[in-house]
Amino acid sequence: MEFLSPSTLEEALEAKSAHPDGVPIMGGTDVMVELNFDKRRPSTLIDLARVPELGEWGTDGDHTRLGAGVPYTKIVEHLSRSAPALAKASRTVASPQIRNRGSVGGNLGGASPAGDAHPPLLATDAVIELASVRGRRRVPAREFYLSLRTTARQDDELITAVLLPEPKGPQQFAKIGTRNAMVISVAAFSLALDAEKRTVGTGLGSVAPTPIRAEEAEEFLAAEFDWEGATLPSESLVRRFGELVASVTRPIDDQRGTAQYRTHSMAVMARRALTWSATEYRKGVTRCA
Amino acid sequence: MRVNVNVNGEDMTAENVWPGESLLYVLRERLGLPGSKNACEQGECGSCTVYFDGVTACSCMIAAGQAEGRAVRTVEGLAEEPGKGSDRTLGTVQDAFVEAGAVQCGFCTPGLLVQTDDLLERTVGAGKGAPDDAEIREALAGNLCRCTGYEKILDAVRLAAGRRAESGAAHE
Ligand SMILES: Cc1cc2nc3c(=O)[nH]c(=O)nc-3n(C[C@H](O)[C@H](O)[C@H](O)COP(=O)(O)OP(=O)(O)OC[C@H]3O[C@@H](n4cnc5c(N)ncnc54)[C@H](O)[C@@H]3O)c2cc1C
Ligand code: FES
Ligand code: FES
């Protein structure tokens, strides 16, 4: 097995182009599990940890640009205001040791339907930047996940960054698991309200072959939510929102939970996330008035 | 491949490394440092926790080649005066674990010591107060112990935090 350690993005892209079947490794928290258990024997490992650009973050117009290799710990420490949903999700990933290494680029590279970064990226309409020797391109998260563990990324491409729109309202993330730490989600949900455009974004994890949105629920809530007066949504509105979110799930039974439990928990999380968001929105509106 | 890595302040070289093997394997099997334990090799148990460039990580989740030129601190490097065997003077966290009876089979202990050392560095060591129980639980959430039931471990962390705060105050 060959081990390549590019020190610039150009070198990394050349390496990936020369070895399209080469496996990139960033935090290693998915790749090493496969190597340690002999589930994978790639001909080439491409270490991305020495490429400075991937570990940086900053503003890019009205977006926050998050390098693909920035570990979750840094996201929690530095991006809780500029990317609240992703920061909340990051805080629930694994353990401190894993959060010190694991990255959103790695989550997107593996594209497990249970990855915790995906629901916030969908809900907030984030954009994923891909690069190859052919150039850079941007793909909305909402068009990135194609089928089980298959994404819009081509074999010669690396994920370089995620562009996170400036928050324009409350953002939430909720996850169901057997304990507070160290759990791959049984189901996860993210909600983002955009008070300027008066739109709603959702992201659902672990309930379909890919991370998905609940578009009918988004449209329903955008139309019914009291953007002007910020009155708290009625019980029947909250319940209906939960039902609409749960209606798009196509879960499976596995060792972590049954399909029925996943669908049920999705409705519960959607109701809670809406209640939290509406309460936060109301506080914001009354403070401004 | 050959991997050059600084471990506990000493420059070391591991030869004939398979690039896909873990830093944990390099430490234990090639550099003669068996302090870090291998209990799961999948990031779940924390027994292999080391400082990697100053940040705690599961050494089983780091590829050997990724450690080239980096600085690693293992449980062996926590002793205040590293020496051989019983000549070593233990550090505050190590002493507290012994005194509180937080060690039974000891398999989880090296990882807990490193992770606790880091928690205390980031709290008491950074001029903040001692960590409360919620902070301790969150910091140690990735370190599994199958023997103690964790109560004695929490006692040990509280004891070490108190002592480190006192010794910090004494230096001022
Ligand atoms: C104990 C444990 C608990 C976990 N808990 C959670 C959890 O709660 N939630 C969760 O979502 N995940 C969890 N994970 C999975 C893992 O930590 C995450 O998926 C993490 O985001 C992976 O990031 P990484 O940088 O470590 O990826 P790596 O292991 O380095 O890479 C993962 C995949 O992405 C590819 N890749 C990496 N970077 C790039 C790039 N820039 N461009 C293209 N491809 C790339 C790799 O080739 C590989 O296929 C857990 C893992 C462990 C070991
Ligand atoms: S051996 Fe590394 S986490 Fe268990
Ligand atoms: S003392 Fe035995 S696993 Fe913790």
# chains A, B, ... in the order shown; residues from 1 in each chain; ligands from 1

$ residues_near_ligand --ligand "ligand 3" --cutoff "10 Å" --atoms "only C-alpha atoms and all ligand atoms" --output "list in words"
Ala39, Cys45, Ser47, Gly101, Ala102, Val103, Gln104, Cys105, Gly106, Phe107, Cys108, Thr109, Pro110, Gly111, Leu112, Asn143, Leu144, Cys145, Arg146, Cys147, Thr148, Gly149, Tyr150 and Ile153 of chain B

$ write_last_selection --atoms "C-alpha atoms" --output "short mmCIF file (atom, residue, chain, number, x, y, z; two decimals), in the first residue's frame"
data_model
loop_
_atom_site.label_atom_id
_atom_site.label_comp_id
_atom_site.auth_asym_id
_atom_site.auth_seq_id
_atom_site.Cartn_x
_atom_site.Cartn_y
_atom_site.Cartn_z
CA ALA B 39 -9.13 -2.77 23.64
CA CYS B 45 -13.23 2.72 24.30
CA SER B 47 -8.00 3.08 26.21
CA GLY B 101 -9.03 3.35 44.18
CA ALA B 102 -10.03 4.23 40.63
CA VAL B 103 -8.00 1.37 39.17
CA GLN B 104 -9.18 -2.24 39.12
CA CYS B 105 -7.98 -4.27 36.14
CA GLY B 106 -6.27 -1.12 34.88
CA PHE B 107 -6.98 -1.60 31.20
CA CYS B 108 -8.92 1.65 30.83
CA THR B 109 -6.60 3.59 33.13
CA PRO B 110 -3.96 4.90 30.69
CA GLY B 111 -6.61 6.47 28.47
CA LEU B 112 -8.48 7.92 31.42
CA ASN B 143 -13.45 6.31 27.94
CA LEU B 144 -15.11 3.04 28.86
CA CYS B 145 -14.41 1.19 32.09
CA ARG B 146 -15.90 -2.25 32.63
CA CYS B 147 -14.78 -2.65 36.25
CA THR B 148 -15.19 0.35 38.51
CA GLY B 149 -18.67 1.67 37.80
CA TYR B 150 -17.04 5.10 37.36
CA ILE B 153 -12.96 7.52 38.75
#

$ residues_around --residues "Ala126 of chain A" --least-positions-apart "5" --cutoff "12 Å" --atoms "only C-alpha atoms" --output "count of residues only"
31

$ residues_near_ligand --ligand "ligand 2" --cutoff "6 Å" --atoms "only C-alpha atoms and all ligand atoms" --output "list in words"
Asn38, Ala39, Cys40, Glu41, Gln42, Gly43, Glu44, Cys45, Gly46, Ser47, Cys48, Cys58, Ser59 and Cys60 of chain B

$ write_last_selection --atoms "C-alpha atoms" --output "PDB file, in the first residue's frame"
ATOM      1  CA  ASN B  38      -5.622  -1.755  22.655  1.00  0.00           C
ATOM      2  CA  ALA B  39      -9.128  -2.775  23.645  1.00  0.00           C
ATOM      3  CA  CYS B  40     -11.281  -2.156  20.588  1.00  0.00           C
ATOM      4  CA  GLU B  41      -9.338  -0.617  17.685  1.00  0.00           C
ATOM      5  CA  GLN B  42     -12.473   1.232  16.639  1.00  0.00           C
ATOM      6  CA  GLY B  43     -12.454   4.473  18.591  1.00  0.00           C
ATOM      7  CA  GLU B  44     -15.105   3.272  21.038  1.00  0.00           C
ATOM      8  CA  CYS B  45     -13.231   2.719  24.302  1.00  0.00           C
ATOM      9  CA  GLY B  46     -10.603   5.451  24.690  1.00  0.00           C
ATOM     10  CA  SER B  47      -7.996   3.075  26.211  1.00  0.00           C
ATOM     11  CA  CYS B  48      -5.508   4.172  23.536  1.00  0.00           C
ATOM     12  CA  CYS B  58      -7.570   7.739  19.977  1.00  0.00           C
ATOM     13  CA  SER B  59      -4.209   6.507  18.686  1.00  0.00           C
ATOM     14  CA  CYS B  60      -5.960   3.527  17.064  1.00  0.00           C
TER      15      CYS B  60
END

$ residues_near_ligand --ligand "ligand 1" --cutoff "8 Å" --atoms "only C-alpha atoms and all ligand atoms" --output "count of residues only"
59

$ residues_around --residues "Gln66 of chain B" --least-positions-apart "2" --cutoff "8 Å" --atoms "only C-alpha atoms" --output "mmCIF file with N, CA and C atoms, in the first residue's frame"
data_model
loop_
_atom_site.group_PDB
_atom_site.id
_atom_site.type_symbol
_atom_site.label_atom_id
_atom_site.label_comp_id
_atom_site.auth_asym_id
_atom_site.auth_seq_id
_atom_site.Cartn_x
_atom_site.Cartn_y
_atom_site.Cartn_z
ATOM 1 N N ASP A 47 -3.140 11.109 2.551
ATOM 2 C CA ASP A 47 -3.319 11.839 3.811
ATOM 3 C C ASP A 47 -3.582 13.318 3.520
ATOM 4 N N ALA A 49 -4.289 15.528 5.944
ATOM 5 C CA ALA A 49 -4.126 16.287 7.185
ATOM 6 C C ALA A 49 -3.049 17.366 7.095
ATOM 7 N N ILE B 62 -5.447 6.816 14.186
ATOM 8 C CA ILE B 62 -4.474 7.623 13.450
ATOM 9 C C ILE B 62 -3.595 6.672 12.651
ATOM 10 N N ALA B 63 -3.487 6.904 11.351
ATOM 11 C CA ALA B 63 -2.629 6.047 10.528
ATOM 12 C C ALA B 63 -1.172 6.389 10.825
ATOM 13 N N ALA B 64 -0.328 5.352 10.826
ATOM 14 C CA ALA B 64 1.082 5.540 11.167
ATOM 15 C C ALA B 64 1.700 6.700 10.391
ATOM 16 N N GLU B 68 4.018 11.053 11.116
ATOM 17 C CA GLU B 68 5.355 11.507 10.696
ATOM 18 C C GLU B 68 5.576 12.968 11.107
#

$ residues_around --residues "segment 98-100 of chain B" --least-positions-apart "3" --cutoff "7 Å" --atoms "only C-alpha atoms" --output "list in words"
Gln94, Asp95, Val103, Lys152, Asp155 and Ala156 of chain B

$ write_last_selection --atoms "N, CA, C and O atoms" --output "short mmCIF file (atom, residue, chain, number, x, y, z; two decimals), in the first residue's frame"
data_model
loop_
_atom_site.label_atom_id
_atom_site.label_comp_id
_atom_site.auth_asym_id
_atom_site.auth_seq_id
_atom_site.Cartn_x
_atom_site.Cartn_y
_atom_site.Cartn_z
N GLN B 94 -2.18 10.72 38.17
CA GLN B 94 -1.87 9.30 38.44
C GLN B 94 -2.00 9.00 39.93
O GLN B 94 -2.63 8.02 40.33
N ASP B 95 -1.40 9.86 40.76
CA ASP B 95 -1.48 9.67 42.21
C ASP B 95 -2.93 9.62 42.68
O ASP B 95 -3.31 8.76 43.49
N VAL B 103 -8.60 2.34 40.07
CA VAL B 103 -8.00 1.37 39.17
C VAL B 103 -8.35 -0.05 39.64
O VAL B 103 -8.07 -0.39 40.79
N LYS B 152 -15.51 5.80 41.51
CA LYS B 152 -14.15 6.06 42.03
C LYS B 152 -13.34 6.89 41.04
O LYS B 152 -12.45 7.65 41.43
N ASP B 155 -14.31 10.36 41.67
CA ASP B 155 -13.63 10.80 42.89
C ASP B 155 -12.18 11.19 42.58
O ASP B 155 -11.69 12.22 43.05
N ALA B 156 -11.52 10.36 41.78
CA ALA B 156 -10.11 10.61 41.46
C ALA B 156 -9.95 11.91 40.69
O ALA B 156 -9.03 12.69 40.96
#

$ select_by_dssp --residues "chain B" --states "strand (DSSP E or B)" --output "VMD selection string"
chain B and resid 3 to 7 10 to 14 22 49 to 52 55 to 58 63 71 to 73 81 89

$ residues_around --residues "segment 246-252 of chain A" --least-positions-apart "4" --cutoff "9 Å" --atoms "only C-alpha atoms" --output "PyMOL selection string"
chain A and resi 204+206-209+212-216+241-242+257-260+262-268+270

$ closest_residue --among "A:Gly61, A:Pro84, A:Gly229, A:Pro96" --to "chain B" --atoms "only C-alpha atoms"
A:Pro96

$ closest_residue --among "A:Thr59, A:Val238, A:Leu13, A:Arg179" --to "chain B" --atoms "only C-alpha atoms"
A:Arg179

$ select_by_dssp --residues "segment 11-105 of chain B" --states "helix (DSSP H, G or I)" --output "NGL selection string"
:B and (23-30 or 59-61 or 64-67 or 75-77 or 85-87 or 92-100)

$ residues_around --residues "Thr13 of chain B" --least-positions-apart "5" --cutoff "7 Å" --atoms "only C-alpha atoms" --output "mmCIF file with N, CA and C atoms, in the first residue's frame"
data_model
loop_
_atom_site.group_PDB
_atom_site.id
_atom_site.type_symbol
_atom_site.label_atom_id
_atom_site.label_comp_id
_atom_site.auth_asym_id
_atom_site.auth_seq_id
_atom_site.Cartn_x
_atom_site.Cartn_y
_atom_site.Cartn_z
ATOM 1 N N ARG B 2 9.243 4.296 6.850
ATOM 2 C CA ARG B 2 9.878 4.694 8.104
ATOM 3 C C ARG B 2 9.078 5.863 8.673
ATOM 4 N N VAL B 3 8.843 5.853 9.974
ATOM 5 C CA VAL B 3 8.097 6.948 10.583
ATOM 6 C C VAL B 3 8.928 7.574 11.705
ATOM 7 N N ASN B 4 9.145 8.879 11.569
ATOM 8 C CA ASN B 4 9.852 9.630 12.614
ATOM 9 C C ASN B 4 8.823 10.377 13.442
ATOM 10 N N VAL B 5 8.850 10.160 14.730
ATOM 11 C CA VAL B 5 7.851 10.796 15.577
ATOM 12 C C VAL B 5 8.476 11.119 16.932
#
